[in-house]
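K.L.:
What follows is data_20.tsv; its format and atoms are TSV, C-alpha atoms.
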```
chain	number	residue	atom	x	y	z
A	1	MET	CA	23.96	-6.33	1.89
A	2	ALA	CA	21.77	-3.63	0.40
A	3	LEU	CA	18.73	-5.92	0.19
A	4	GLU	CA	16.52	-6.99	3.10
A	5	PHE	CA	13.91	-9.62	2.37
A	6	LYS	CA	10.53	-9.71	4.08
A	7	LYS	CA	7.62	-12.04	3.39
A	8	THR	CA	6.24	-10.11	0.39
A	9	THR	CA	8.57	-7.12	0.12
A	10	VAL	CA	12.23	-6.57	-0.60
A	11	ILE	CA	13.71	-3.43	0.93
A	12	ALA	CA	16.58	-1.81	-0.96
A	13	SER	CA	18.90	0.48	0.94
A	14	ASP	CA	21.91	2.58	0.07
A	15	LEU	CA	23.68	1.39	-3.08
A	16	LEU	CA	22.45	-1.61	-5.07
A	17	GLY	CA	25.54	-2.99	-6.76
A	18	VAL	CA	25.89	-5.36	-9.66
A	19	GLU	CA	26.28	-8.27	-7.22
A	20	ASP	CA	22.73	-7.61	-5.93
A	21	ALA	CA	21.05	-8.02	-9.32
A	22	GLU	CA	21.06	-11.82	-9.45
A	23	ILE	CA	19.85	-12.10	-5.86
A	24	LEU	CA	17.06	-9.60	-6.57
A	25	LEU	CA	16.05	-11.45	-9.74
A	26	GLU	CA	15.90	-14.80	-7.94
A	27	TRP	CA	13.69	-13.35	-5.20
A	28	LEU	CA	11.36	-11.68	-7.70
A	29	ILE	CA	11.01	-14.93	-9.66
A	30	LYS	CA	10.09	-16.79	-6.45
A	31	HIS	CA	7.72	-13.97	-5.40
A	32	PRO	CA	5.96	-12.86	-8.62
A	33	ARG	CA	3.61	-10.63	-6.60
A	34	GLY	CA	6.45	-9.29	-4.48
A	35	ARG	CA	6.94	-5.59	-3.93
A	36	ILE	CA	10.05	-3.48	-3.69
A	37	ASN	CA	10.61	-0.61	-1.29
A	38	LEU	CA	13.21	1.79	-2.70
A	39	SER	CA	12.80	4.58	-0.14
A	40	ALA	CA	16.32	4.19	1.29
A	41	CYS	CA	17.99	3.45	-2.06
A	42	THR	CA	20.53	6.10	-3.06
A	43	HIS	CA	21.94	4.50	-6.23
A	44	LEU	CA	21.46	1.35	-8.26
A	45	HIS	CA	23.60	-0.36	-10.85
A	46	ALA	CA	22.09	-0.67	-14.33
A	47	ALA	CA	21.85	-4.46	-13.86
A	48	ASN	CA	19.30	-3.88	-11.10
A	49	LEU	CA	17.35	-1.50	-13.31
A	50	GLN	CA	17.22	-4.22	-15.97
A	51	VAL	CA	15.91	-6.70	-13.39
A	52	LEU	CA	13.21	-4.26	-12.29
A	53	MET	CA	12.24	-3.49	-15.89
A	54	ALA	CA	11.96	-7.20	-16.72
A	55	ALA	CA	10.22	-8.40	-13.54
A	56	LYS	CA	7.95	-5.35	-13.20
A	57	PRO	CA	7.39	-5.57	-9.44
A	58	LYS	CA	5.05	-3.18	-7.67
A	59	VAL	CA	7.06	-0.34	-6.13
A	60	SER	CA	5.73	0.22	-2.62
A	61	ALA	CA	7.96	3.24	-1.98
A	62	TRP	CA	10.10	5.34	-4.33
A	63	PRO	CA	13.53	6.68	-3.33
A	64	ARG	CA	13.59	9.73	-1.08
A	65	ASP	CA	16.08	11.30	-3.48
A	66	GLY	CA	13.85	13.20	-5.89
A	67	VAL	CA	16.15	12.93	-8.90
A	68	LEU	CA	16.57	9.16	-8.51
A	69	ALA	CA	12.84	8.74	-7.89
A	70	ASP	CA	11.95	10.71	-11.04
A	71	TRP	CA	14.47	8.75	-13.10
A	72	LEU	CA	13.16	5.40	-11.85
A	73	ARG	CA	9.52	6.39	-12.29
A	74	ALA	CA	10.25	7.31	-15.90
A	75	ALA	CA	11.96	3.97	-16.50
A	76	LEU	CA	9.55	1.72	-14.60
A	77	THR	CA	6.12	3.29	-15.03
A	78	PRO	CA	4.19	2.45	-18.21
```
Could you render the structure as structure tokens?
P.N.:
Amino acid sequence: MALEFKKTTVIASDLLGVEDAEILLEWLIKHPRGRINLSACTHLHAANLQVLMAAKPKVSAWPRDGVLADWLRAALTP
């Protein structure tokens, strides 16, 4: 699984597939102040982007991949 859940943070690693979106959404609903660490994320399915755009969690770490980080910052930062 590409998601690891801690007390207040979810850590995304490698590829976040479409099957991860519902799990991510459920966790973010249960943890409205939860954070997401994307540092090890290399790709994410558009369904996960939609979850992040809707839930608006605090991003504790952006992806190490500069292109992905820039793309996500543009989509998720007001």
K.L.:
Neighbouring residues of segment 5-18 of chain A were defined as those with any atom within 7 Å, considering only C-alpha atoms; residues of the same chain fewer than 4 positions away were excluded. Please report them as a PyMOL selection string.
P.N.:
chain A and resi 34-38+40-45+47-48
K.L.:
I'd like the interatomic distance between atom CA of Arg73 of chain A and atom CA of Ala55 of chain A, to a tenth of an Å.
P.N.:
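Going from atom CA of Arg73 of chain A over to atom CA of Ala55 of chain A, I get 14.9 Å.
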K.L.:
To one decimal in Å, tell me the separation between atom CA of His31 of chain A and atom CA of Val67 of chain A.
P.N.:
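Straight-line distance from atom CA of His31 of chain A to atom CA of Val67 of chain A works out to 28.4 Å.
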K.L.:
Which value, in Å to one decimal, gives the distance between atom CA of Ser39 of chain A and atom CA of Leu52 of chain A?
P.N.:
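Pair atom CA of Ser39 of chain A / atom CA of Leu52 of chain A returns 15.0 Å.
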K.L.:
Is there a way to get, as a VMD selection string, all residues within 12 Å of the point (7.2, 0.9, -18.8) in file coordinates, counting only C-alpha atoms?
P.N.:
chain A and resid 49 to 50 52 to 57 72 to 78
K.L.:
So, counting all atoms listed in the file, which residue among A:Leu3, A:Arg64, A:Lys58, A:Trp71 is closest to Arg33 of chain A?
P.N.:
A:Lys58
K.L.:
I'd like the box whose edges run along x, y and z of the file and which contains every listed atom of segment 29-35 of chain A, padded by 6 Å per side; could you state its centre and edge lengths in Å, one decimal, as AutoDock Vina command-line options?
P.N.:
```
--center_x 7.3 --center_y -11.2 --center_z -6.8 --size_x 19.4 --size_y 23.2 --size_z 17.7
```
K.L.:
Using only C-alpha atoms, find the one residue out of A:Ala46, A:Pro32, A:Glu4, A:Ala61 that sits nearest to Glu19 of chain A.
P.N.:
A:Ala46
K.L.:
Limit the output to N, CA and C atoms and give segment 28-55 of chain A as a PDB file, in the first residue's frame.
P.N.:
```pdb
ATOM      1  N   LEU A  28      -8.934  11.306   5.875  1.00  0.00           N
ATOM      2  CA  LEU A  28      -8.979  12.765   5.997  1.00  0.00           C
ATOM      3  C   LEU A  28     -10.296  13.239   6.617  1.00  0.00           C
ATOM      4  N   ILE A  29     -11.381  12.531   6.365  1.00  0.00           N
ATOM      5  CA  ILE A  29     -12.657  12.881   6.999  1.00  0.00           C
ATOM      6  C   ILE A  29     -12.579  12.626   8.502  1.00  0.00           C
ATOM      7  N   LYS A  30     -11.965  11.519   8.893  1.00  0.00           N
ATOM      8  CA  LYS A  30     -11.833  11.176  10.315  1.00  0.00           C
ATOM      9  C   LYS A  30     -10.789  12.036  11.026  1.00  0.00           C
ATOM     10  N   HIS A  31      -9.875  12.623  10.264  1.00  0.00           N
ATOM     11  CA  HIS A  31      -8.798  13.451  10.824  1.00  0.00           C
ATOM     12  C   HIS A  31      -8.788  14.806  10.100  1.00  0.00           C
ATOM     13  N   PRO A  32      -9.776  15.657  10.375  1.00  0.00           N
ATOM     14  CA  PRO A  32      -9.894  16.919   9.637  1.00  0.00           C
ATOM     15  C   PRO A  32      -8.680  17.846   9.777  1.00  0.00           C
ATOM     16  N   ARG A  33      -7.886  17.652  10.814  1.00  0.00           N
ATOM     17  CA  ARG A  33      -6.658  18.443  10.973  1.00  0.00           C
ATOM     18  C   ARG A  33      -5.428  17.642  10.565  1.00  0.00           C
ATOM     19  N   GLY A  34      -5.664  16.498   9.945  1.00  0.00           N
ATOM     20  CA  GLY A  34      -4.566  15.634   9.524  1.00  0.00           C
ATOM     21  C   GLY A  34      -3.693  16.277   8.458  1.00  0.00           C
ATOM     22  N   ARG A  35      -2.462  15.825   8.422  1.00  0.00           N
ATOM     23  CA  ARG A  35      -1.492  16.326   7.448  1.00  0.00           C
ATOM     24  C   ARG A  35      -1.127  15.206   6.491  1.00  0.00           C
ATOM     25  N   ILE A  36      -0.572  15.602   5.342  1.00  0.00           N
ATOM     26  CA  ILE A  36      -0.089  14.609   4.396  1.00  0.00           C
ATOM     27  C   ILE A  36       1.362  14.902   4.045  1.00  0.00           C
ATOM     28  N   ASN A  37       2.155  13.865   4.077  1.00  0.00           N
ATOM     29  CA  ASN A  37       3.570  13.943   3.711  1.00  0.00           C
ATOM     30  C   ASN A  37       3.696  13.295   2.343  1.00  0.00           C
ATOM     31  N   LEU A  38       4.053  14.087   1.346  1.00  0.00           N
ATOM     32  CA  LEU A  38       4.161  13.611  -0.032  1.00  0.00           C
ATOM     33  C   LEU A  38       5.609  13.453  -0.485  1.00  0.00           C
ATOM     34  N   SER A  39       6.558  13.538   0.423  1.00  0.00           N
ATOM     35  CA  SER A  39       7.974  13.571   0.031  1.00  0.00           C
ATOM     36  C   SER A  39       8.399  12.363  -0.797  1.00  0.00           C
ATOM     37  N   ALA A  40       7.859  11.191  -0.519  1.00  0.00           N
ATOM     38  CA  ALA A  40       8.255   9.987  -1.257  1.00  0.00           C
ATOM     39  C   ALA A  40       7.285   9.642  -2.391  1.00  0.00           C
ATOM     40  N   CYS A  41       6.300  10.492  -2.621  1.00  0.00           N
ATOM     41  CA  CYS A  41       5.322  10.245  -3.685  1.00  0.00           C
ATOM     42  C   CYS A  41       5.959  10.551  -5.043  1.00  0.00           C
ATOM     43  N   THR A  42       5.800   9.629  -5.983  1.00  0.00           N
ATOM     44  CA  THR A  42       6.368   9.827  -7.320  1.00  0.00           C
ATOM     45  C   THR A  42       5.294  10.064  -8.373  1.00  0.00           C
ATOM     46  N   HIS A  43       4.058   9.690  -8.072  1.00  0.00           N
ATOM     47  CA  HIS A  43       2.944   9.866  -9.013  1.00  0.00           C
ATOM     48  C   HIS A  43       1.643   9.685  -8.243  1.00  0.00           C
ATOM     49  N   LEU A  44       0.607  10.428  -8.633  1.00  0.00           N
ATOM     50  CA  LEU A  44      -0.686  10.173  -8.022  1.00  0.00           C
ATOM     51  C   LEU A  44      -1.783  10.251  -9.059  1.00  0.00           C
ATOM     52  N   HIS A  45      -2.739   9.360  -8.921  1.00  0.00           N
ATOM     53  CA  HIS A  45      -3.891   9.308  -9.816  1.00  0.00           C
ATOM     54  C   HIS A  45      -4.742  10.555  -9.578  1.00  0.00           C
ATOM     55  N   ALA A  46      -5.430  11.006 -10.604  1.00  0.00           N
ATOM     56  CA  ALA A  46      -6.256  12.211 -10.505  1.00  0.00           C
ATOM     57  C   ALA A  46      -7.309  12.110  -9.402  1.00  0.00           C
ATOM     58  N   ALA A  47      -7.765  10.914  -9.088  1.00  0.00           N
ATOM     59  CA  ALA A  47      -8.745  10.749  -8.004  1.00  0.00           C
ATOM     60  C   ALA A  47      -8.165  11.212  -6.672  1.00  0.00           C
ATOM     61  N   ASN A  48      -6.885  10.962  -6.456  1.00  0.00           N
ATOM     62  CA  ASN A  48      -6.232  11.414  -5.223  1.00  0.00           C
ATOM     63  C   ASN A  48      -6.065  12.927  -5.221  1.00  0.00           C
ATOM     64  N   LEU A  49      -5.786  13.498  -6.371  1.00  0.00           N
ATOM     65  CA  LEU A  49      -5.702  14.955  -6.471  1.00  0.00           C
ATOM     66  C   LEU A  49      -7.050  15.575  -6.111  1.00  0.00           C
ATOM     67  N   GLN A  50      -8.133  14.981  -6.596  1.00  0.00           N
ATOM     68  CA  GLN A  50      -9.467  15.491  -6.275  1.00  0.00           C
ATOM     69  C   GLN A  50      -9.737  15.411  -4.769  1.00  0.00           C
ATOM     70  N   VAL A  51      -9.323  14.323  -4.145  1.00  0.00           N
ATOM     71  CA  VAL A  51      -9.484  14.184  -2.691  1.00  0.00           C
ATOM     72  C   VAL A  51      -8.718  15.291  -1.975  1.00  0.00           C
ATOM     73  N   LEU A  52      -7.479  15.517  -2.382  1.00  0.00           N
ATOM     74  CA  LEU A  52      -6.658  16.545  -1.735  1.00  0.00           C
ATOM     75  C   LEU A  52      -7.234  17.940  -1.963  1.00  0.00           C
ATOM     76  N   MET A  53      -7.758  18.190  -3.161  1.00  0.00           N
ATOM     77  CA  MET A  53      -8.346  19.499  -3.443  1.00  0.00           C
ATOM     78  C   MET A  53      -9.615  19.717  -2.614  1.00  0.00           C
ATOM     79  N   ALA A  54     -10.387  18.669  -2.398  1.00  0.00           N
ATOM     80  CA  ALA A  54     -11.633  18.796  -1.637  1.00  0.00           C
ATOM     81  C   ALA A  54     -11.378  18.876  -0.134  1.00  0.00           C
ATOM     82  N   ALA A  55     -10.496  18.035   0.378  1.00  0.00           N
ATOM     83  CA  ALA A  55     -10.253  17.969   1.823  1.00  0.00           C
ATOM     84  C   ALA A  55      -9.317  19.070   2.318  1.00  0.00           C
TER      85      ALA A  55
END
```
